[in-house]
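Heads up, input.tsv below (TSV, C-alpha atoms):
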```tsv
chain	number	residue	atom	x	y	z
A	1	MET	CA	0.00	0.00	0.00
A	2	LYS	CA	2.34	2.68	-1.26
A	3	PHE	CA	2.06	6.41	-1.85
A	4	THR	CA	2.15	5.89	-5.64
A	5	LYS	CA	-0.67	3.33	-5.47
A	6	GLY	CA	-2.68	5.93	-3.58
A	7	MET	CA	-1.90	8.57	-6.19
A	8	LYS	CA	-2.96	6.20	-8.94
A	9	ASP	CA	-6.25	5.40	-7.21
A	10	GLY	CA	-6.76	9.11	-6.52
A	11	LEU	CA	-6.30	10.19	-10.13
A	12	PRO	CA	-9.75	9.18	-11.44
A	13	ILE	CA	-11.28	10.84	-8.38
A	14	ALA	CA	-9.27	14.00	-9.04
A	15	LEU	CA	-10.42	14.05	-12.67
A	16	GLY	CA	-14.00	13.48	-11.60
A	17	TYR	CA	-13.67	16.28	-9.04
A	18	LEU	CA	-12.38	18.71	-11.67
A	19	SER	CA	-15.73	19.06	-13.34
A	20	VAL	CA	-17.66	19.14	-10.08
A	21	SER	CA	-15.48	21.73	-8.35
A	22	PHE	CA	-15.31	23.67	-11.61
A	23	ALA	CA	-19.10	23.82	-11.63
A	24	TYR	CA	-19.14	24.78	-7.96
A	25	ALA	CA	-16.76	27.69	-8.52
A	26	VAL	CA	-18.67	28.95	-11.57
A	27	GLN	CA	-21.90	28.85	-9.63
A	28	ALA	CA	-20.37	30.67	-6.65
A	29	VAL	CA	-18.95	33.42	-8.83
A	30	ARG	CA	-22.27	33.67	-10.64
A	31	GLN	CA	-23.94	34.22	-7.25
A	32	GLY	CA	-21.72	37.27	-6.78
A	33	PHE	CA	-18.83	35.89	-4.71
A	34	PRO	CA	-15.32	37.10	-5.53
A	35	ALA	CA	-13.16	34.48	-7.27
A	36	TRP	CA	-11.06	33.76	-4.15
A	37	PHE	CA	-14.04	32.71	-2.06
A	38	PRO	CA	-14.88	29.33	-3.67
A	39	ILE	CA	-11.13	28.54	-3.77
A	40	LEU	CA	-10.81	29.27	-0.04
A	41	VAL	CA	-13.86	27.15	0.74
A	42	SER	CA	-12.62	24.24	-1.38
A	43	ALA	CA	-9.18	24.37	0.20
A	44	THR	CA	-10.50	24.44	3.77
A	45	ASN	CA	-13.57	22.20	3.52
A	46	PHE	CA	-12.86	19.56	0.86
A	47	THR	CA	-16.44	18.34	0.69
A	48	GLY	CA	-18.95	18.51	-2.13
A	49	THR	CA	-22.46	18.66	-0.79
A	50	GLY	CA	-21.60	20.69	2.30
A	51	GLN	CA	-19.82	23.37	0.29
A	52	PHE	CA	-22.66	23.73	-2.18
A	53	ALA	CA	-25.21	24.07	0.59
A	54	GLY	CA	-23.05	26.31	2.79
A	55	THR	CA	-22.16	28.68	-0.02
A	56	ASN	CA	-25.81	29.00	-1.00
A	57	LEU	CA	-26.72	29.80	2.60
A	58	ILE	CA	-24.01	32.46	2.91
A	59	ALA	CA	-25.16	33.99	-0.37
A	60	ALA	CA	-28.74	34.07	0.94
A	61	GLY	CA	-27.59	35.81	4.14
A	62	ALA	CA	-28.70	32.95	6.40
A	63	SER	CA	-27.94	33.10	10.11
A	64	LEU	CA	-24.91	31.28	11.50
A	65	ALA	CA	-27.21	28.96	13.45
A	66	VAL	CA	-28.84	27.77	10.24
A	67	LEU	CA	-25.42	27.40	8.63
A	68	VAL	CA	-24.12	25.31	11.56
A	69	ALA	CA	-27.22	23.12	11.66
A	70	THR	CA	-27.21	22.49	7.93
A	71	MET	CA	-23.51	21.69	7.81
A	72	LEU	CA	-23.93	19.32	10.75
A	73	VAL	CA	-26.81	17.47	9.13
A	74	ILE	CA	-25.08	17.17	5.77
A	75	ASN	CA	-21.67	16.24	7.18
A	76	ILE	CA	-22.66	13.85	9.96
A	77	ARG	CA	-22.26	11.00	7.49
A	78	TYR	CA	-18.51	11.68	7.57
A	79	THR	CA	-18.53	10.78	11.24
A	80	LEU	CA	-19.80	7.34	10.30
A	81	MET	CA	-17.41	7.03	7.35
A	82	SER	CA	-14.44	8.04	9.50
A	83	PHE	CA	-15.58	5.50	12.05
A	84	ALA	CA	-15.51	2.77	9.41
A	85	LEU	CA	-12.19	4.06	8.10
A	86	ALA	CA	-10.66	4.00	11.60
A	87	GLN	CA	-11.63	0.32	11.82
A	88	LYS	CA	-9.97	-0.38	8.50
A	89	MET	CA	-6.81	1.52	9.44
A	90	GLY	CA	-6.09	-0.37	12.62
A	91	PRO	CA	-4.41	1.04	15.72
A	92	GLY	CA	-0.95	1.87	14.36
A	93	PHE	CA	-1.58	5.50	13.41
A	94	PRO	CA	-0.22	8.33	15.64
A	95	LEU	CA	-2.48	11.24	16.49
A	96	TRP	CA	-0.99	13.69	13.98
A	97	GLN	CA	-1.50	11.23	11.13
A	98	ARG	CA	-5.10	10.74	12.12
A	99	ALA	CA	-5.59	14.52	12.35
A	100	VAL	CA	-4.16	14.97	8.85
A	101	LEU	CA	-6.10	12.09	7.30
A	102	ALA	CA	-9.35	13.32	8.86
A	103	PHE	CA	-9.25	16.35	6.59
A	104	GLY	CA	-9.15	14.13	3.48
A	105	VAL	CA	-12.24	12.07	4.22
A	106	THR	CA	-14.68	12.54	1.34
A	107	ASP	CA	-17.36	10.26	-0.10
A	108	GLU	CA	-15.13	9.19	-2.98
A	109	ASN	CA	-11.88	8.85	-1.03
A	110	PHE	CA	-13.77	6.81	1.53
A	111	ALA	CA	-15.41	4.61	-1.10
A	112	VAL	CA	-12.06	3.85	-2.73
A	113	ALA	CA	-10.14	3.36	0.53
A	114	ILE	CA	-12.72	1.08	2.13
A	115	ARG	CA	-12.73	-1.14	-0.96
A	116	GLN	CA	-9.03	-2.00	-0.54
A	117	PRO	CA	-8.55	-5.61	0.49
A	118	GLN	CA	-5.61	-4.86	2.84
A	119	LYS	CA	-5.28	-2.77	5.97
A	120	LEU	CA	-4.68	0.84	4.99
A	121	THR	CA	-1.36	2.61	5.38
A	122	PHE	CA	-0.64	6.30	5.96
A	123	SER	CA	1.34	6.69	2.73
A	124	TYR	CA	-1.42	5.11	0.64
A	125	LEU	CA	-4.10	7.35	2.15
A	126	ILE	CA	-1.95	10.48	1.79
A	127	GLY	CA	-1.34	9.62	-1.87
A	128	LEU	CA	-5.03	9.08	-2.47
A	129	MET	CA	-6.18	12.18	-0.60
A	130	SER	CA	-3.53	14.63	-1.82
A	131	CYS	CA	-4.18	13.63	-5.41
A	132	SER	CA	-7.93	14.08	-5.20
A	133	PHE	CA	-7.45	17.28	-3.15
A	134	CYS	CA	-5.36	18.78	-5.96
A	135	GLY	CA	-8.16	17.93	-8.37
A	136	TRP	CA	-10.72	19.51	-6.07
A	137	VAL	CA	-8.86	22.78	-5.45
A	138	GLY	CA	-7.49	22.90	-9.00
A	139	GLY	CA	-10.92	22.49	-10.52
A	140	THR	CA	-12.25	25.22	-8.24
A	141	ALA	CA	-9.45	27.60	-9.19
A	142	VAL	CA	-9.89	26.97	-12.90
A	143	GLY	CA	-13.65	27.32	-12.57
A	144	ALA	CA	-13.37	30.60	-10.70
A	145	GLY	CA	-10.74	31.88	-13.13
A	146	VAL	CA	-12.55	31.15	-16.37
A	147	SER	CA	-16.07	31.91	-15.18
A	148	LYS	CA	-15.65	35.61	-15.84
A	149	LEU	CA	-14.34	34.77	-19.29
A	150	LEU	CA	-17.34	32.48	-19.82
A	151	PHE	CA	-19.70	35.23	-18.77
A	152	ALA	CA	-18.00	37.73	-21.03
A	153	THR	CA	-18.10	35.53	-24.09
A	154	LEU	CA	-21.10	33.24	-23.65
A	155	ALA	CA	-23.54	34.55	-21.10
A	156	GLN	CA	-25.03	37.22	-23.32
A	157	GLY	CA	-27.41	37.14	-26.24
A	158	ALA	CA	-27.46	33.93	-28.25
A	159	GLY	CA	-24.64	32.40	-26.19
A	160	GLN	CA	-26.78	32.40	-23.04
A	161	ALA	CA	-28.62	29.24	-24.06
A	162	TYR	CA	-25.37	27.31	-24.66
A	163	TYR	CA	-23.94	28.60	-21.42
A	164	ASP	CA	-27.01	27.31	-19.56
A	165	MET	CA	-26.70	23.93	-21.28
A	166	LEU	CA	-23.07	23.64	-20.29
A	167	MET	CA	-23.86	24.47	-16.67
A	168	SER	CA	-26.81	22.09	-16.67
A	169	ALA	CA	-24.68	19.26	-18.07
A	170	LEU	CA	-21.90	19.82	-15.51
A	171	SER	CA	-24.35	19.62	-12.65
A	172	ILE	CA	-24.99	15.90	-13.24
A	173	ALA	CA	-21.27	15.03	-12.95
A	174	LEU	CA	-21.15	14.32	-9.22
A	175	TYR	CA	-24.27	12.16	-9.29
A	176	ALA	CA	-23.00	10.12	-12.25
A	177	MET	CA	-19.83	9.40	-10.29
A	178	PHE	CA	-21.84	8.14	-7.36
A	179	VAL	CA	-23.76	5.85	-9.72
A	180	ALA	CA	-20.45	4.46	-10.96
A	181	ILE	CA	-19.42	3.73	-7.37
A	182	VAL	CA	-22.64	2.04	-6.27
A	183	ILE	CA	-23.77	-0.02	-9.27
A	184	PRO	CA	-20.88	-2.50	-9.74
A	185	PRO	CA	-20.98	-3.85	-6.14
A	186	ALA	CA	-24.79	-3.90	-6.29
A	187	ARG	CA	-24.49	-6.04	-9.39
A	188	ASP	CA	-22.12	-8.46	-7.67
A	189	ASP	CA	-23.80	-8.75	-4.28
A	190	LEU	CA	-27.56	-9.27	-3.96
A	191	ARG	CA	-27.53	-7.88	-0.38
A	192	VAL	CA	-25.98	-4.62	-1.58
A	193	PHE	CA	-28.53	-4.53	-4.39
A	194	ILE	CA	-31.42	-4.88	-1.93
A	195	LEU	CA	-29.88	-2.16	0.24
A	196	VAL	CA	-29.53	0.18	-2.73
A	197	ALA	CA	-33.12	-0.50	-3.85
A	198	LEU	CA	-34.43	0.06	-0.31
A	199	SER	CA	-32.42	3.27	0.07
A	200	VAL	CA	-33.64	4.64	-3.25
A	201	ALA	CA	-37.24	3.85	-2.31
A	202	ALA	CA	-36.86	5.59	1.06
A	203	SER	CA	-35.15	8.56	-0.58
A	204	CYS	CA	-37.99	8.89	-3.12
A	205	LEU	CA	-40.46	8.85	-0.25
A	206	PHE	CA	-38.64	11.80	1.34
A	207	TYR	CA	-38.44	13.58	-1.99
A	208	PHE	CA	-42.03	13.24	-3.18
A	209	VAL	CA	-44.18	13.06	-0.01
A	210	PRO	CA	-44.90	16.73	0.85
A	211	VAL	CA	-44.56	16.54	4.66
A	212	LEU	CA	-41.28	14.62	4.46
A	213	ALA	CA	-39.97	16.83	1.65
A	214	ASP	CA	-40.36	19.87	3.91
A	215	LEU	CA	-37.84	18.51	6.43
A	216	PRO	CA	-34.49	20.35	6.49
A	217	ALA	CA	-32.18	19.49	3.61
A	218	GLY	CA	-29.75	16.73	4.49
A	219	LEU	CA	-31.95	15.12	7.14
A	220	ASN	CA	-33.24	12.63	4.57
A	221	ILE	CA	-29.70	11.34	4.06
A	222	ILE	CA	-29.27	10.58	7.76
A	223	LEU	CA	-32.70	9.05	8.35
A	224	CYS	CA	-32.89	6.95	5.18
A	225	SER	CA	-29.35	5.62	5.29
A	226	ILE	CA	-29.32	4.76	8.99
A	227	VAL	CA	-32.69	2.98	8.91
A	228	CYS	CA	-32.07	1.10	5.63
A	229	THR	CA	-28.54	0.07	6.57
A	230	ALA	CA	-29.65	-1.09	10.02
A	231	VAL	CA	-32.36	-3.27	8.47
A	232	ILE	CA	-29.96	-4.86	5.95
A	233	ALA	CA	-27.17	-5.29	8.51
A	234	PHE	CA	-29.63	-7.07	10.82
A	235	LEU	CA	-31.10	-9.29	8.08
A	236	PHE	CA	-27.83	-10.10	6.29
A	237	PRO	CA	-24.84	-9.67	8.62
A	238	HIS	CA	-21.81	-9.25	6.41
A	239	GLU	CA	-19.14	-11.92	6.85
A	240	GLU	CA	-15.69	-10.36	6.79
A	241	ASN	CA	-14.09	-13.66	5.88
A	242	SER	CA	-14.50	-14.60	2.26
A	243	GLU	CA	-14.50	-18.30	3.19
A	244	ASN	CA	-17.84	-17.51	4.80
A	245	ASN	CA	-17.82	-20.07	7.55
A	246	PRO	CA	-19.92	-18.67	10.40
A	247	ASP	CA	-19.65	-21.82	12.55
A	248	ASN	CA	-15.89	-21.85	12.62
A	249	GLN	CA	-15.34	-20.97	16.28
A	250	SER	CA	-11.55	-21.03	16.10
A	251	GLU	CA	-11.78	-18.22	13.57
A	252	LYS	CA	-13.80	-16.07	15.95
A	253	THR	CA	-11.60	-16.62	18.96
A	254	CYS	CA	-8.51	-15.76	16.98
A	255	PRO	CA	-6.38	-13.76	19.47
A	256	THR	CA	-4.96	-11.16	17.06
A	257	PRO	CA	-7.61	-8.95	15.51
A	258	ASP	CA	-5.24	-8.16	12.67
A	259	ASP	CA	-5.21	-11.74	11.44
A	260	ALA	CA	-8.97	-12.00	11.62
A	261	ASP	CA	-9.18	-9.01	9.33
A	262	LYS	CA	-6.91	-10.36	6.62
A	263	GLY	CA	-9.91	-11.52	4.66
A	264	GLY	CA	-11.05	-7.93	4.53
A	265	ALA	CA	-14.08	-6.46	2.87
A	266	GLN	CA	-14.45	-7.65	-0.68
B	1	MET	CA	-26.08	38.47	-2.82
B	2	ASN	CA	-26.09	39.95	0.68
B	3	ALA	CA	-22.81	38.67	2.07
B	4	SER	CA	-20.14	41.13	3.22
B	5	LEU	CA	-16.45	40.25	3.51
B	6	SER	CA	-16.80	39.33	7.17
B	7	ASP	CA	-19.88	37.21	6.40
B	8	MET	CA	-17.80	35.27	3.90
B	9	LEU	CA	-14.81	34.77	6.19
B	10	ILE	CA	-16.88	33.83	9.22
B	11	GLY	CA	-19.11	31.62	7.08
B	12	CYS	CA	-16.11	29.81	5.64
B	13	LEU	CA	-14.62	29.37	9.11
B	14	VAL	CA	-17.87	27.90	10.43
B	15	MET	CA	-18.11	25.56	7.45
B	16	PHE	CA	-14.52	24.44	7.98
B	17	ALA	CA	-14.99	23.88	11.71
B	18	ILE	CA	-18.15	21.79	11.36
B	19	THR	CA	-16.82	19.82	8.40
B	20	TYR	CA	-13.48	19.01	10.02
B	21	LEU	CA	-15.15	18.11	13.30
B	22	SER	CA	-17.56	15.76	11.51
B	23	LYS	CA	-14.73	14.09	9.64
B	24	GLY	CA	-12.23	13.96	12.47
B	25	ILE	CA	-13.98	13.17	15.70
B	26	THR	CA	-14.28	9.41	15.16
B	27	LEU	CA	-11.13	9.02	13.09
B	28	ILE	CA	-8.98	10.71	15.73
B	29	PHE	CA	-10.51	9.32	18.89
B	30	VAL	CA	-11.87	5.85	18.11
B	31	LYS	CA	-9.01	3.39	18.19
B	32	LYS	CA	-10.60	0.15	19.31
B	33	ASP	CA	-11.66	-2.52	16.91
B	34	ILE	CA	-15.37	-3.16	16.77
B	35	LYS	CA	-16.19	-6.76	17.62
B	36	SER	CA	-19.95	-6.78	17.03
B	37	LYS	CA	-20.91	-8.53	13.81
B	38	TYR	CA	-23.91	-6.23	13.39
B	39	ILE	CA	-22.00	-2.98	13.84
B	40	ARG	CA	-19.31	-4.19	11.44
B	41	SER	CA	-22.02	-5.09	8.93
B	42	PHE	CA	-23.66	-1.72	9.45
B	43	LEU	CA	-20.42	0.10	8.69
B	44	TYR	CA	-19.76	-2.11	5.68
B	45	TYR	CA	-23.17	-1.42	4.16
B	46	LEU	CA	-23.58	2.25	5.15
B	47	PRO	CA	-21.70	3.99	2.30
B	48	TYR	CA	-23.78	2.24	-0.35
B	49	SER	CA	-26.94	3.47	1.31
B	50	VAL	CA	-25.68	7.04	1.82
B	51	LEU	CA	-24.63	7.34	-1.81
B	52	SER	CA	-27.90	5.81	-3.06
B	53	VAL	CA	-29.96	8.24	-1.01
B	54	MET	CA	-27.88	11.20	-2.20
B	55	VAL	CA	-28.19	10.22	-5.86
B	56	PHE	CA	-31.81	9.14	-6.25
B	57	PRO	CA	-34.08	10.75	-7.13
B	58	THR	CA	-32.10	14.05	-7.07
B	59	ILE	CA	-30.05	13.08	-10.14
B	60	LEU	CA	-33.21	13.14	-12.28
B	61	PHE	CA	-33.82	16.79	-11.38
B	62	SER	CA	-30.18	17.92	-11.28
B	63	THR	CA	-30.27	19.35	-14.81
B	64	SER	CA	-32.42	22.02	-16.52
B	65	THR	CA	-35.13	19.63	-17.70
B	66	ILE	CA	-36.31	16.20	-16.59
B	67	TRP	CA	-35.60	14.79	-20.08
B	68	SER	CA	-31.89	15.52	-20.04
B	69	GLY	CA	-31.82	14.33	-16.42
B	70	LEU	CA	-33.46	11.04	-17.39
B	71	ALA	CA	-31.12	10.56	-20.35
B	72	GLY	CA	-28.01	11.37	-18.31
B	73	THR	CA	-29.14	9.02	-15.53
B	74	ALA	CA	-29.86	6.19	-17.98
B	75	VAL	CA	-26.43	6.52	-19.59
B	76	ALA	CA	-24.73	6.57	-16.18
B	77	LEU	CA	-26.66	3.47	-15.06
B	78	VAL	CA	-25.88	1.47	-18.19
B	79	LEU	CA	-22.17	2.37	-18.24
B	80	ALA	CA	-21.83	1.73	-14.50
B	81	PHE	CA	-23.52	-1.65	-14.97
B	82	PHE	CA	-20.78	-2.54	-17.45
B	83	ARG	CA	-18.19	-1.50	-14.85
B	84	LYS	CA	-16.92	1.64	-16.57
B	85	GLY	CA	-14.86	3.86	-14.30
B	86	LEU	CA	-15.93	7.03	-12.50
B	87	LEU	CA	-14.57	9.40	-15.15
B	88	PRO	CA	-16.00	7.69	-18.29
B	89	VAL	CA	-19.39	7.41	-16.60
B	90	SER	CA	-19.28	11.05	-15.52
B	91	LEU	CA	-18.14	12.39	-18.90
B	92	ALA	CA	-20.65	10.31	-20.85
B	93	SER	CA	-23.42	11.50	-18.59
B	94	ILE	CA	-22.38	15.16	-18.94
B	95	GLY	CA	-22.17	14.75	-22.73
B	96	THR	CA	-25.59	13.13	-22.90
B	97	VAL	CA	-27.22	15.93	-20.92
B	98	PHE	CA	-25.61	18.54	-23.14
B	99	VAL	CA	-26.63	16.80	-26.36
B	100	VAL	CA	-30.23	16.24	-25.22
B	101	GLU	CA	-30.59	19.88	-24.18
B	102	LEU	CA	-29.01	20.97	-27.44
B	103	ILE	CA	-31.54	18.91	-29.39
B	104	LEU	CA	-34.42	20.24	-27.30
B	105	TYR	CA	-33.17	23.78	-27.90
B	106	LEU	CA	-32.63	23.45	-31.64
B	107	VAL	CA	-35.77	21.43	-32.48
```

Take the structure from the file and write it as structure tokens.
Amino acid sequence: MKFTKGMKDGLPIALGYLSVSFAYAVQAVRQGFPAWFPILVSATNFTGTGQFAGTNLIAAGASLAVLVATMLVINIRYTLMSFALAQKMGPGFPLWQRAVLAFGVTDENFAVAIRQPQKLTFSYLIGLMSCSFCGWVGGTAVGAGVSKLLFATLAQGAGQAYYDMLMSALSIALYAMFVAIVIPPARDDLRVFILVALSVAASCLFYFVPVLADLPAGLNIILCSIVCTAVIAFLFPHEENSENNPDNQSEKTCPTPDDADKGGAQ
Amino acid sequence: MNASLSDMLIGCLVMFAITYLSKGITLIFVKKDIKSKYIRSFLYYLPYSVLSVMVFPTILFSTSTIWSGLAGTAVALVLAFFRKGLLPVSLASIGTVFVVELILYLV
């Protein structure tokens, strides 16, 4: 699990981030923020959904209490992801390494890291996170830089329609990436497929039923994912060992937790 | 937009604080291995659920019209089913949305 392997795994994430952070920066500048603002936010936050929501709230002049509450609701999933990541990392990480790695936890970095069959190393995670971070901040900087040019050349007269199309097309980028993360494992594992189907159904409920749709943004993510995952985890406990031998007692009483984990998540 | 310079700086600081706290609190302080089969299963399954909830049905309405959203979603689903990577899926989906909206605009 080397630094270069991390960089290599981080590259597709970085490229995927380019378009998303580019779109974020363009949108922020279009809202009236100076070009440095989206760059500062990207460099300090390194999170997609939270940044979008937070920037919109600041633009709308929302109170700090609303900003804090919304960021908490949207970002609480990271607490759970970091929890899972800490399990996967094992105990051998000093505090400063944990403090550094915490900053780099994103949906995509997490999804890639947790898929690794081995225990994670600091150098691998730093490679992964620094690479995708460069993509994230770089895309934001480019987006902020060229947005004024885009406005000047496209956003008037006949060009307006094409400008809108471009922005509309870019806004699906992040979601398409998430689809690419979720579908392959759902295809391979029926339990994951059922979980995905259940989660989508619950999410649709929160989207289309008026009373539920009025709940604060982000709350649906917490409620749906916790309930659906709890149901699936209870019905189909996931066996860490690929040999899948639940009655093997000697396996369970294995004294070193590290050895028990060698099978890893598939 | 109503935000002054201090609104922006304070807003960004608040966003950073909450985001870093959310990411860091368990990663920094939880060091024990979880033994419970159910909690381990929960943590294994959780990301798939979170991503699914974030994507559907929002992806359908993420673009200017439902038609380009539907087309972009369909392309992403098909390519992801055939195990294409994050970037090809993303680019193909972006391209599809653009083309569909172009057709709708020109026709």

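One distance worth recording is that between atom CA of Ala213 of chain A and atom CA of Ala201 of chain A, which is 13.8 Å.
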
Would you list which chain B residues are within 7 Å of chain A using all atoms listed in the file, as a PyMOL selection string? chain B and resi 1-3+8+11-12+14-16+18-20+22-28+30-31+33+37-38+41-43+45-46+48-57+59+62-64+76-77+80-81+83+85-87+89-90+93-95+97-98+101

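As for atom CA of Leu190 of chain A and atom CA of Ala71 of chain B, they are spaced 26.0 Å apart.
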
Which distance in Å separates atom CA of Val146 of chain A and atom CA of Phe52 of chain A, to one decimal? 18.9 Å

What are the centre and edge lengths in Å, to one decimal, of the axis-aligned box around all listed atoms of segment 48-55 of chain B with 4 Å added on each side, as AutoDock Vina command-line options?
```
--center_x -26.9 --center_y 6.7 --center_z -2.0 --size_x 14.2 --size_y 17.0 --size_z 15.7
```

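Residues in contact with Leu70 of chain B at 9 Å, where all atoms listed in the file are counted and same-chain residues fewer than 3 positions away are skipped, are listed as Ile59, Leu60, Phe61, Thr65, Ile66, Trp67, Thr73, Ala74, Val75 and Val97 of chain B.
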
Distance query Ser21 of chain A at most 6 Å, all atoms listed in the file, self and fewer than 4 positions along chain excluded, as a list in words: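 Selected residues are Tyr17, Trp136, Gly139 and Thr140 of chain A.
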